[in-house]
>>> print(open('query.cif').read())   # mmCIF, C-alpha atoms
data_entry
#
loop_
_atom_site.label_atom_id
_atom_site.label_comp_id
_atom_site.auth_asym_id
_atom_site.auth_seq_id
_atom_site.Cartn_x
_atom_site.Cartn_y
_atom_site.Cartn_z
CA MET A 29 121.74 -65.48 -47.62
CA PHE A 30 121.03 -67.53 -44.56
CA SER A 31 122.56 -66.56 -41.31
CA SER A 32 122.06 -67.49 -37.76
CA THR A 33 122.70 -65.14 -34.90
CA GLY A 34 122.86 -65.49 -31.13
CA GLY A 35 119.96 -66.07 -28.81
CA ASP A 36 119.06 -69.53 -29.91
CA THR A 37 120.91 -72.06 -27.80
CA GLY A 38 119.29 -74.98 -29.50
CA ALA A 39 117.86 -76.27 -26.22
CA GLY A 40 114.35 -77.55 -26.59
CA THR A 41 114.36 -77.66 -30.33
CA ARG A 42 114.52 -80.95 -32.11
CA GLU A 43 118.05 -80.91 -33.34
CA GLY A 44 119.57 -77.71 -32.08
CA ILE A 45 119.64 -75.40 -35.03
CA VAL A 46 118.36 -76.78 -38.27
CA ILE A 47 118.63 -74.56 -41.27
CA PRO A 48 115.96 -74.72 -43.92
CA ALA A 49 116.86 -76.38 -47.18
CA ALA A 50 118.81 -74.28 -49.62
CA ARG A 51 117.04 -72.85 -52.59
CA GLY A 52 119.00 -74.89 -55.07
CA LYS A 53 118.00 -76.45 -58.30
CA PRO A 54 114.53 -77.84 -58.17
CA GLY A 55 114.52 -81.49 -57.23
CA ALA A 56 118.16 -81.57 -56.19
CA ASP A 57 118.74 -82.94 -52.67
CA THR A 58 122.10 -81.30 -52.39
CA ASP A 59 123.63 -78.41 -54.18
CA ASN A 60 126.65 -76.19 -54.09
CA HIS A 61 125.03 -73.64 -51.87
CA THR A 62 127.07 -72.66 -48.89
CA PHE A 63 125.86 -71.74 -45.45
CA LEU A 64 127.93 -69.28 -43.48
CA VAL A 65 127.95 -69.67 -39.72
CA CYS A 66 129.24 -66.44 -38.18
CA ARG A 67 129.59 -67.55 -34.60
CA THR A 68 131.18 -70.03 -32.27
CA VAL A 69 129.45 -73.39 -32.40
CA ARG A 70 129.20 -74.45 -28.77
CA SER A 71 128.48 -77.73 -27.01
CA GLY A 72 124.97 -78.98 -27.77
CA GLN A 73 124.58 -76.85 -30.89
CA ARG A 74 124.11 -78.68 -34.14
CA PHE A 75 124.10 -77.26 -37.66
CA LYS A 76 122.69 -79.33 -40.46
CA TYR A 77 122.70 -78.10 -44.03
CA PRO A 78 122.20 -79.67 -47.45
CA GLY A 79 125.27 -78.07 -49.03
CA ASN A 80 128.63 -76.70 -47.88
CA VAL A 81 129.16 -75.11 -44.48
CA VAL A 82 131.73 -72.47 -43.59
CA VAL A 83 132.16 -71.58 -39.94
CA MET A 84 133.75 -68.24 -39.17
CA GLY A 85 134.63 -69.16 -35.62
CA ASP A 86 135.45 -72.28 -33.63
CA VAL A 87 133.54 -75.51 -33.21
CA HIS A 88 133.75 -76.56 -29.56
CA PRO A 89 133.66 -80.13 -28.24
CA GLY A 90 130.03 -81.27 -28.18
CA GLY A 91 129.19 -79.03 -31.13
CA GLU A 92 128.26 -80.68 -34.40
CA ILE A 93 128.24 -79.70 -38.06
CA VAL A 94 126.48 -81.94 -40.56
CA ALA A 95 126.71 -81.01 -44.24
CA SER A 96 126.07 -82.87 -47.44
CA GLY A 97 129.01 -81.01 -48.97
CA HIS A 98 132.32 -79.67 -47.69
CA VAL A 99 132.93 -78.15 -44.26
CA ILE A 100 135.43 -75.37 -43.68
CA VAL A 101 136.16 -74.04 -40.22
CA MET A 102 137.94 -70.70 -40.11
CA GLY A 103 139.12 -71.37 -36.59
CA THR A 104 139.67 -74.39 -34.39
CA LEU A 105 137.60 -77.51 -34.97
CA ARG A 106 137.28 -79.46 -31.74
CA GLY A 107 133.76 -80.86 -32.13
CA VAL A 108 132.23 -83.39 -34.47
CA VAL A 109 131.94 -82.74 -38.20
CA HIS A 110 130.18 -84.85 -40.78
CA ALA A 111 130.95 -83.79 -44.35
CA GLY A 112 129.34 -85.50 -47.31
CA ALA A 113 126.60 -86.65 -44.99
CA GLU A 114 124.47 -87.82 -47.91
CA GLY A 115 127.24 -90.13 -49.04
CA ASP A 116 129.54 -87.84 -51.02
CA GLU A 117 133.02 -89.29 -50.49
CA LYS A 118 134.62 -86.37 -52.28
CA ALA A 119 133.63 -84.02 -49.50
CA VAL A 120 136.47 -82.53 -47.46
CA VAL A 121 136.84 -80.97 -44.04
CA MET A 122 139.25 -78.10 -43.64
CA ALA A 123 140.14 -76.14 -40.52
CA PHE A 124 142.78 -73.69 -39.39
CA ARG A 125 143.33 -76.06 -36.49
CA LEU A 126 141.96 -79.50 -37.09
CA GLN A 127 141.54 -81.18 -33.69
CA PRO A 128 138.11 -82.82 -33.98
CA THR A 129 136.55 -85.07 -31.38
CA GLN A 130 135.44 -87.16 -34.30
CA LEU A 131 135.58 -86.68 -38.05
CA ARG A 132 133.08 -88.20 -40.43
CA ILE A 133 133.16 -88.06 -44.21
CA ALA A 134 130.35 -89.88 -46.01
CA GLY A 135 130.35 -93.34 -44.40
CA TYR A 136 133.83 -93.07 -42.84
CA ILE A 137 134.38 -92.28 -39.17
CA THR A 138 137.71 -91.47 -37.60
CA ARG A 139 139.08 -90.07 -34.38
CA ALA A 140 142.46 -89.18 -32.91
CA PRO A 141 144.37 -92.05 -31.32
CA ASP A 142 144.05 -92.28 -27.54
CA ASP A 143 147.74 -91.87 -26.77
CA GLU A 144 147.97 -88.59 -28.62
CA GLY A 145 147.45 -85.60 -26.37
CA GLN A 146 147.23 -82.41 -28.40
CA ASN A 147 147.07 -83.45 -31.98
CA GLY A 148 147.38 -81.10 -34.87
CA THR A 149 150.33 -79.18 -36.20
CA GLY A 150 148.92 -75.73 -35.57
CA GLU A 151 148.73 -75.25 -39.32
CA PRO A 152 145.65 -75.41 -41.50
CA GLU A 153 144.87 -79.00 -42.39
CA ILE A 154 142.50 -80.75 -44.73
CA ALA A 155 140.82 -84.13 -44.29
CA ARG A 156 139.48 -86.22 -47.13
CA VAL A 157 138.79 -89.80 -48.08
CA GLN A 158 141.61 -91.55 -49.88
CA ASP A 159 141.86 -95.30 -50.46
CA GLU A 160 138.90 -96.00 -48.20
CA ALA A 161 140.31 -94.10 -45.23
CA VAL A 162 140.19 -90.56 -43.95
CA VAL A 163 143.57 -88.91 -44.42
CA ILE A 164 144.64 -85.59 -42.96
CA GLU A 165 147.31 -83.46 -44.56
CA LYS A 166 148.64 -79.94 -44.45
CA TYR A 167 146.50 -77.55 -46.42
CA GLN A 168 148.35 -76.20 -49.44
CA PRO A 169 146.86 -73.31 -51.35
CA GLY A 170 146.21 -74.44 -54.88
CA GLY A 171 146.28 -78.10 -53.96
CA GLU A 172 142.73 -77.89 -52.73
CA LYS A 173 141.42 -77.42 -56.24
CA ARG A 174 141.69 -81.14 -56.80
CA TRP A 175 139.24 -81.72 -54.01
CA LEU A 176 137.13 -78.69 -53.37
CA SER A 177 136.20 -78.21 -56.97
CA ARG A 178 136.28 -81.71 -58.29
CA SER A 179 132.55 -82.18 -58.00
CA MET A 180 131.95 -78.81 -59.60
CA ILE A 181 134.37 -79.57 -62.44
CA GLN A 182 132.71 -82.90 -63.02
CA GLU A 183 129.36 -81.23 -63.11
CA GLU A 184 130.61 -78.70 -65.64
CA GLU A 185 132.12 -81.44 -67.76
CA GLU A 186 128.86 -83.29 -67.72
CA GLN A 187 126.99 -80.19 -68.74
CA ASN A 188 129.46 -79.42 -71.52
CA GLY A 189 129.29 -83.00 -72.73
CA MET B 20 118.92 -110.33 -14.05
CA GLY B 21 121.20 -107.45 -13.22
CA GLU B 22 120.84 -104.73 -10.64
CA VAL B 23 119.80 -101.27 -11.78
CA ILE B 24 121.28 -98.62 -9.49
CA VAL B 25 120.75 -94.89 -9.86
CA ILE B 26 123.37 -92.47 -8.52
CA THR B 27 121.70 -89.23 -7.50
CA SER B 28 122.15 -86.25 -5.19
CA GLY B 29 119.72 -83.42 -5.82
CA LYS B 30 122.43 -80.79 -5.66
CA GLY B 31 124.81 -80.38 -8.57
CA GLY B 32 128.57 -80.64 -8.37
CA VAL B 33 128.77 -83.10 -5.50
CA GLY B 34 130.28 -85.88 -7.61
CA LYS B 35 127.50 -87.99 -9.14
CA THR B 36 129.29 -88.43 -12.44
CA THR B 37 132.69 -89.06 -10.85
CA THR B 38 131.09 -91.61 -8.53
CA THR B 39 129.27 -93.35 -11.39
CA ALA B 40 132.47 -93.57 -13.45
CA ASN B 41 134.53 -94.88 -10.54
CA LEU B 42 132.02 -97.39 -9.20
CA GLY B 43 131.33 -98.69 -12.70
CA THR B 44 135.02 -99.08 -13.38
CA GLY B 45 135.50 -100.57 -9.91
CA LEU B 46 132.78 -103.18 -10.42
CA ALA B 47 134.07 -104.01 -13.89
CA SER B 48 137.60 -104.45 -12.56
CA LEU B 49 136.14 -106.95 -10.08
CA GLY B 50 134.95 -108.95 -13.07
CA LYS B 51 131.33 -107.83 -13.29
CA LYS B 52 129.64 -106.97 -16.56
CA VAL B 53 128.68 -103.33 -16.17
CA VAL B 54 126.94 -100.68 -18.25
CA LEU B 55 126.92 -96.98 -17.34
CA VAL B 56 123.96 -94.91 -18.53
CA ASP B 57 124.22 -91.13 -18.74
CA THR B 58 120.72 -89.65 -18.35
CA ASP B 59 121.87 -86.03 -18.18
CA ILE B 60 120.48 -85.21 -21.62
CA GLY B 61 121.77 -81.88 -22.91
CA LEU B 62 124.57 -81.68 -20.34
CA ARG B 63 126.32 -84.99 -20.74
CA ASN B 64 129.61 -85.44 -18.91
CA LEU B 65 130.06 -89.10 -18.16
CA ASP B 66 131.60 -89.74 -21.58
CA VAL B 67 134.24 -87.08 -20.91
CA VAL B 68 135.06 -88.40 -17.43
CA MET B 69 135.40 -91.90 -18.91
CA GLY B 70 137.56 -90.56 -21.77
CA LEU B 71 135.16 -91.96 -24.37
CA GLU B 72 133.78 -88.75 -25.89
CA ASN B 73 135.42 -89.29 -29.26
CA ARG B 74 133.76 -92.70 -29.71
CA ILE B 75 130.16 -91.49 -29.59
CA VAL B 76 128.16 -92.12 -32.72
CA TYR B 77 124.70 -92.96 -31.37
CA ASP B 78 123.23 -92.04 -28.00
CA LEU B 79 120.43 -92.90 -25.60
CA LEU B 80 117.88 -90.90 -27.58
CA ASP B 81 118.77 -92.67 -30.81
CA VAL B 82 118.05 -95.94 -29.01
CA VAL B 83 114.70 -95.00 -27.46
CA GLU B 84 113.55 -93.37 -30.69
CA GLY B 85 114.53 -96.39 -32.73
CA ARG B 86 117.21 -94.82 -34.93
CA CYS B 87 119.69 -97.50 -33.93
CA ARG B 88 119.89 -100.77 -32.05
CA LEU B 89 120.95 -100.75 -28.41
CA LYS B 90 124.19 -102.57 -29.22
CA GLN B 91 125.19 -99.89 -31.73
CA ALA B 92 124.97 -97.13 -29.15
CA LEU B 93 126.90 -98.93 -26.41
CA ILE B 94 130.53 -97.83 -26.25
CA LYS B 95 133.08 -100.33 -25.00
CA ASP B 96 135.48 -98.92 -22.44
CA LYS B 97 139.07 -98.54 -23.61
CA ARG B 98 140.54 -100.13 -20.49
CA LEU B 99 138.12 -102.83 -19.38
CA GLU B 100 136.54 -105.49 -21.56
CA ASN B 101 133.31 -105.86 -19.62
CA LEU B 102 132.46 -102.17 -19.17
CA TYR B 103 130.15 -100.25 -21.49
CA LEU B 104 128.75 -96.72 -21.69
CA LEU B 105 125.44 -95.54 -23.08
CA PRO B 106 126.00 -91.80 -23.64
CA ALA B 107 123.37 -89.08 -23.41
CA ASN B 108 122.33 -86.83 -26.26
CA GLN B 109 123.84 -83.35 -26.12
CA THR B 110 121.60 -81.34 -28.46
CA ARG B 111 118.24 -81.82 -26.80
CA ASP B 112 116.85 -81.66 -23.26
CA LYS B 113 115.33 -83.78 -20.52
CA THR B 114 111.82 -83.68 -21.98
CA ALA B 115 113.01 -85.73 -24.97
CA VAL B 116 112.50 -89.06 -23.17
CA SER B 117 109.58 -90.41 -21.20
CA ARG B 118 109.48 -92.46 -18.01
CA GLN B 119 108.12 -95.45 -19.87
CA GLN B 120 110.95 -95.33 -22.41
CA MET B 121 113.48 -95.35 -19.56
CA ILE B 122 111.74 -98.25 -17.84
CA ASP B 123 111.81 -100.26 -21.07
CA LEU B 124 115.45 -99.39 -21.71
CA MET B 125 116.56 -100.44 -18.24
CA ALA B 126 114.61 -103.68 -18.51
CA GLN B 127 116.49 -104.38 -21.73
CA LEU B 128 119.90 -103.53 -20.23
CA ARG B 129 119.49 -105.60 -17.08
CA GLU B 130 118.92 -108.69 -19.17
CA GLU B 131 122.52 -108.57 -20.30
CA TYR B 132 124.46 -106.75 -17.63
CA GLU B 133 125.07 -107.59 -13.99
CA PHE B 134 125.11 -103.93 -13.03
CA VAL B 135 123.39 -100.99 -14.70
CA LEU B 136 124.59 -97.72 -13.14
CA ILE B 137 122.54 -94.64 -13.97
CA ASP B 138 124.15 -91.21 -13.73
CA CYS B 139 121.27 -88.93 -12.70
CA PRO B 140 121.13 -85.22 -13.57
CA ALA B 141 120.98 -82.62 -10.78
CA GLY B 142 117.56 -81.35 -9.76
CA ILE B 143 114.24 -83.01 -9.00
CA GLU B 144 112.48 -82.40 -12.30
CA MET B 145 111.86 -84.54 -15.33
CA GLY B 146 115.47 -85.63 -15.72
CA PHE B 147 115.53 -86.97 -12.18
CA LYS B 148 112.17 -88.67 -12.56
CA ASN B 149 113.27 -90.35 -15.78
CA ALA B 150 116.57 -91.45 -14.23
CA ILE B 151 114.94 -93.16 -11.25
CA ALA B 152 112.06 -94.62 -13.27
CA GLY B 153 113.81 -97.82 -14.30
CA ALA B 154 116.00 -98.19 -11.20
CA GLU B 155 115.44 -100.52 -8.28
CA LYS B 156 118.18 -99.24 -5.98
CA ALA B 157 119.68 -95.82 -5.34
CA LEU B 158 122.93 -94.40 -4.07
CA VAL B 159 122.68 -90.84 -2.76
CA VAL B 160 125.84 -88.76 -2.99
CA THR B 161 126.40 -85.81 -0.69
CA THR B 162 129.28 -83.62 0.39
CA PRO B 163 129.73 -82.47 4.00
CA GLU B 164 127.96 -79.17 3.37
CA VAL B 165 124.63 -78.06 4.80
CA ALA B 166 123.17 -77.28 1.38
CA ALA B 167 124.17 -80.64 -0.13
CA VAL B 168 122.82 -82.54 2.89
CA ARG B 169 119.56 -80.60 2.71
CA ASP B 170 119.15 -81.51 -0.96
CA ALA B 171 120.09 -85.12 -0.26
CA ASP B 172 117.33 -85.24 2.36
CA ARG B 173 114.83 -83.96 -0.19
CA ILE B 174 115.98 -86.58 -2.70
CA ILE B 175 115.73 -89.39 -0.16
CA GLY B 176 112.13 -88.32 0.50
CA LEU B 177 111.37 -88.44 -3.23
CA LEU B 178 113.01 -91.84 -3.59
CA GLU B 179 110.91 -93.18 -0.71
CA ALA B 180 107.79 -91.72 -2.31
CA ALA B 181 108.73 -93.54 -5.52
CA GLU B 182 108.79 -96.75 -3.45
CA MET B 183 112.39 -97.44 -4.15
CA GLU B 184 114.41 -99.79 -1.96
CA ALA B 185 116.10 -97.88 0.91
CA PRO B 186 118.83 -95.76 -0.64
CA ARG B 187 122.39 -95.87 0.65
CA LEU B 188 124.63 -92.88 1.27
CA ILE B 189 128.01 -91.94 -0.16
CA ILE B 190 129.73 -89.04 1.58
CA ASN B 191 132.06 -87.42 -0.92
CA ARG B 192 134.96 -84.97 -0.55
CA LEU B 193 135.35 -85.36 3.20
CA ARG B 194 138.32 -83.57 4.73
CA PRO B 195 139.23 -85.33 7.97
CA ASP B 196 141.52 -82.49 9.05
CA MET B 197 138.64 -80.01 8.88
CA VAL B 198 136.29 -82.41 10.65
CA ARG B 199 138.83 -82.74 13.48
CA LYS B 200 138.93 -78.99 13.92
CA GLY B 201 135.16 -78.88 13.95
CA ASP B 202 135.01 -76.87 10.74
CA MET B 203 133.23 -79.53 8.72
CA MET B 204 130.19 -81.71 9.43
CA ASP B 205 131.28 -85.15 10.54
CA ILE B 206 129.90 -88.46 9.36
CA GLU B 207 127.73 -88.98 12.45
CA ASP B 208 126.06 -85.59 11.97
CA MET B 209 125.10 -86.42 8.41
CA LEU B 210 123.90 -89.93 9.21
CA GLU B 211 121.76 -88.52 12.00
CA ILE B 212 120.13 -85.98 9.69
CA LEU B 213 119.64 -88.30 6.73
CA ALA B 214 118.88 -91.52 8.63
CA ILE B 215 119.98 -93.92 5.90
CA ASP B 216 122.74 -96.52 5.71
CA LEU B 217 126.22 -95.44 4.78
CA ILE B 218 127.94 -97.36 2.00
CA GLY B 219 131.15 -95.36 1.84
CA VAL B 220 133.11 -92.20 2.52
CA VAL B 221 135.34 -90.72 -0.17
CA PRO B 222 138.03 -88.32 1.04
CA GLU B 223 138.86 -85.10 -0.78
CA ASP B 224 141.63 -85.97 -3.21
CA GLU B 225 143.46 -83.75 -5.66
CA TYR B 226 144.01 -86.75 -7.83
CA ILE B 227 140.29 -86.84 -8.66
CA VAL B 228 140.65 -83.54 -10.52
CA ILE B 229 143.57 -84.90 -12.50
CA SER B 230 141.88 -88.21 -13.28
CA THR B 231 138.53 -86.75 -14.33
CA ASN B 232 140.26 -84.28 -16.60
CA ARG B 233 142.29 -87.07 -18.17
CA GLY B 234 139.31 -89.35 -18.53
CA GLU B 235 140.87 -92.06 -16.38
CA PRO B 236 138.83 -93.12 -13.35
CA ALA B 237 140.81 -92.81 -10.08
CA VAL B 238 139.63 -96.24 -8.94
CA LEU B 239 142.27 -97.80 -11.19
CA ASP B 240 145.06 -95.85 -9.51
CA ARG B 241 146.43 -97.68 -6.52
CA HIS B 242 147.90 -94.53 -5.01
CA SER B 243 144.73 -92.47 -5.00
CA ARG B 244 142.99 -92.19 -1.62
CA ALA B 245 139.64 -91.60 -3.28
CA GLY B 246 140.32 -94.52 -5.59
CA GLN B 247 140.76 -96.79 -2.55
CA ALA B 248 137.44 -95.55 -1.16
CA TYR B 249 135.70 -96.27 -4.47
CA ARG B 250 137.21 -99.77 -4.59
CA ASN B 251 135.79 -100.42 -1.13
CA ILE B 252 132.34 -99.15 -2.13
CA SER B 253 132.41 -101.37 -5.23
CA ARG B 254 133.11 -104.39 -3.05
CA ARG B 255 130.33 -103.43 -0.65
CA LEU B 256 127.96 -103.24 -3.61
CA LEU B 257 128.82 -106.87 -4.26
CA GLY B 258 127.76 -107.68 -0.72
CA GLU B 259 131.24 -107.99 0.78
CA GLU B 260 131.85 -106.81 4.32
CA VAL B 261 134.60 -104.24 3.96
CA PRO B 262 135.56 -102.40 7.14
CA PHE B 263 135.29 -98.64 6.97
CA LEU B 264 138.55 -96.77 6.95
CA ASN B 265 139.02 -94.76 10.08
CA TRP B 266 138.61 -91.27 8.74
CA GLU B 267 138.70 -89.63 12.13
CA ALA B 268 141.98 -91.15 13.12
CA GLY B 269 143.63 -87.93 14.24
CA SER B 270 147.12 -87.05 13.12
CA SER B 271 147.96 -90.60 12.21
CA PHE B 272 145.32 -90.57 9.50
CA MET B 273 147.74 -90.05 6.62
CA ALA B 274 150.20 -92.54 8.07
CA ARG B 275 147.51 -95.17 8.34
CA LEU B 276 146.33 -94.50 4.86
CA ARG B 277 149.85 -94.77 3.49
CA LYS B 278 150.24 -98.08 5.26
CA LEU B 279 146.93 -99.20 3.85
CA ILE B 280 147.87 -98.50 0.27
CA GLY B 281 151.35 -99.84 0.72
CA LEU B 282 153.40 -96.67 0.82
CA GLY B 283 154.34 -96.54 4.49
#
>>> encode(input="query.cif", output="structure tokens")
Amino acid sequence: MFSSTGGDTGAGTREGIVIPAARGKPGADTDNHTFLVCRTVRSGQRFKYPGNVVVMGDVHPGGEIVASGHVIVMGTLRGVVHAGAEGDEKAVVMAFRLQPTQLRIAGYITRAPDDEGQNGTGEPEIARVQDEAVVIEKYQPGGEKRWLSRSMIQEEEEQNG
Amino acid sequence: MGEVIVITSGKGGVGKTTTTANLGTGLASLGKKVVLVDTDIGLRNLDVVMGLENRIVYDLLDVVEGRCRLKQALIKDKRLENLYLLPANQTRDKTAVSRQQMIDLMAQLREEYEFVLIDCPAGIEMGFKNAIAGAEKALVVTTPEVAAVRDADRIIGLLEAAEMEAPRLIINRLRPDMVRKGDMMDIEDMLEILAIDLIGVVPEDEYIVISTNRGEPAVLDRHSRAGQAYRNISRRLLGEEVPFLNWEAGSSFMARLRKLIGLG
């Protein structure tokens, strides 16, 4: 639905690239809409979206993704990601290679320890908030349902009474 | 009241950021309370050279636009207690701040810190003007190349026009072996052209590449030649009389240097 293509470097604009609000439910600040970024997010580029963000490419150091929902990077995440930026602690960050400069979920901020050179296992990993801390674990197909869809399931349950 | 010193050059790639990181670390290791300010908005590098990139939450723009308090944006160095960094914003450009905002910010910083070192962007446009706005002293960095010296001369003229205290010169990446052969400008040539006081000469040093890539300033490494030069400049900034190393010492140059740093 929304897509952003090359040409715009983000220089000179207020916050790099800011995507207009999703056409979700009226009155809802956030929704389950997902924005697809089909490019490499480079240094100085910033994507902000009131929903989920999927990047089909890498996020370079100095690049930033801010989403009120989940963030999935189909590539290497080396920049800064803020998932659940509106305060949703159930938001997750997933990447094929999770090596962020800094990882933020809701109000939690974390970074790799200084003594660690190349972190990451080379396998897809998922980060989420557990017991008031950001934990990173290997991504297991199927296991993600607990996290990725929890908010949706809850919503359904609420609707179904 | 602290000193506000801008590190500038005109030309890019001559070592402004490396110099800022090393002098700041050098001064802090001598016990001074130091803050480094990156004014290269949109092309920030000082955080990377200092190895503090992953600690950035707020930046200079957040401070001047009132989104956070100054203290929240200041990043404490991971090695030295009394060294702080105010990083630049990476998503916007030089027009995002005004001269007055920079003047106010520097006035605020100098209240608390003994040294405020400003890493200036290349060029003579808005970024440069903002960077020098709140500064009272300047260090001009040049390399022994005609183009860099030409740009340094232009910058010195602009600094004088801005009624700044007489800037002092740092000659970076000097290769004494090339100077001896007459293939590189020597120190006297540059001082004659630029007609300002010299505060230090930093020799070309492979270790600088390694240290900047690692995010560990060379000034902390006792075996680095450039690190020694930066330590000397730091002490001169404090008003100490430190004799210049004899960079034109012929073939015994390396031997002397080794002796100096305790290897020979």
>>> resolve_selection(input="query.cif", expression="the PyMOL selection byres ((chain B) within 7 of (chain A))", output="list in words")
Gly61, Asn73, Gln109, Thr110, Arg111 and Asp112 of chain B
>>> write_last_selection(input="query.cif", atoms="C-alpha atoms", output="compact mmCIF listing (two decimals), in the frame of the given file")
# COMPACT_ATOMS: atom_id res chain seq x y z
CA GLY B 61 121.77 -81.88 -22.91
CA ASN B 73 135.42 -89.29 -29.26
CA GLN B 109 123.84 -83.35 -26.12
CA THR B 110 121.60 -81.34 -28.46
CA ARG B 111 118.24 -81.82 -26.80
CA ASP B 112 116.85 -81.66 -23.26
>>> closest_residue(input="query.cif", among="B:Leu62, B:Ile26, B:Met203, B:Leu71", to="Ala171 in chain B", atoms="only C-alpha atoms")
B:Ile26
>>> atom_distance(input="query.cif", atom1="CA of Lys76 in chain A", atom2="CA of His110 in chain A")
9.3 Å
>>> resolve_selection(input="query.cif", expression="the PyMOL selection byres ((chain A and resi 154) around 9)", output="mmCIF file with C-alpha atoms, keeping the file's coordinate frame")
data_model
loop_
_atom_site.group_PDB
_atom_site.id
_atom_site.type_symbol
_atom_site.label_atom_id
_atom_site.label_comp_id
_atom_site.auth_asym_id
_atom_site.auth_seq_id
_atom_site.Cartn_x
_atom_site.Cartn_y
_atom_site.Cartn_z
ATOM 1 C CA ILE A 100 135.430 -75.370 -43.680
ATOM 2 C CA VAL A 120 136.470 -82.530 -47.460
ATOM 3 C CA VAL A 121 136.840 -80.970 -44.040
ATOM 4 C CA MET A 122 139.250 -78.100 -43.640
ATOM 5 C CA ALA A 123 140.140 -76.140 -40.520
ATOM 6 C CA PHE A 124 142.780 -73.690 -39.390
ATOM 7 C CA LEU A 126 141.960 -79.500 -37.090
ATOM 8 C CA PRO A 152 145.650 -75.410 -41.500
ATOM 9 C CA GLU A 153 144.870 -79.000 -42.390
ATOM 10 C CA ALA A 155 140.820 -84.130 -44.290
ATOM 11 C CA ARG A 156 139.480 -86.220 -47.130
ATOM 12 C CA VAL A 163 143.570 -88.910 -44.420
ATOM 13 C CA ILE A 164 144.640 -85.590 -42.960
ATOM 14 C CA GLU A 165 147.310 -83.460 -44.560
ATOM 15 C CA LYS A 166 148.640 -79.940 -44.450
ATOM 16 C CA TYR A 167 146.500 -77.550 -46.420
ATOM 17 C CA GLN A 168 148.350 -76.200 -49.440
ATOM 18 C CA GLU A 172 142.730 -77.890 -52.730
#
>>> residues_around(input="query.cif", residues="Ile190 in chain B", least_positions_apart="3", cutoff="12 Å", atoms="only C-alpha atoms", output="ChimeraX atom specification")
/B:28,33-35,38,158-164,167-168,171,187,193-194,204-210,213,215-223,245,248-249,252,266
>>> closest_residue(input="query.cif", among="B:Glu131, B:Asp138, B:Glu72, B:Asp224", to="Gly43 in chain B", atoms="all atoms listed in the file")
B:Asp138
>>> resolve_selection(input="query.cif", expression="the PyMOL selection byres ((chain B and resi 104) around 7)", output="number ranges by chain")
B: 54-56, 93-95, 103, 105-106
>>> closest_residue(input="query.cif", among="A:Glu151, A:Asp86, A:Glu160, A:Asp143", to="Met102 in chain A", atoms="only C-alpha atoms")
A:Asp86
>>> closest_residue(input="query.cif", among="B:Ile24, B:Val261, B:Ile227, B:Ala214", to="Leu239 in chain B", atoms="all atoms listed in the file")
B:Ile227
>>> atom_distance(input="query.cif", atom1="CA of Arg70 in chain A", atom2="CA of Lys113 in chain B")
18.6 Å
>>> closest_residue(input="query.cif", among="A:Ala161, A:Ala119, A:Arg125, A:Asn60", to="Gly85 in chain A", atoms="all atoms listed in the file")
A:Arg125
>>> atom_distance(input="query.cif", atom1="CA of Arg173 in chain B", atom2="CA of Gly31 in chain B")
13.5 Å
>>> residues_near_point(input="query.cif", point="(138.7, -85.3, -20.2)", cutoff="7 Å", atoms="all atoms listed in the file", output="ChimeraX atom specification")
/B:67-68,70,231-234
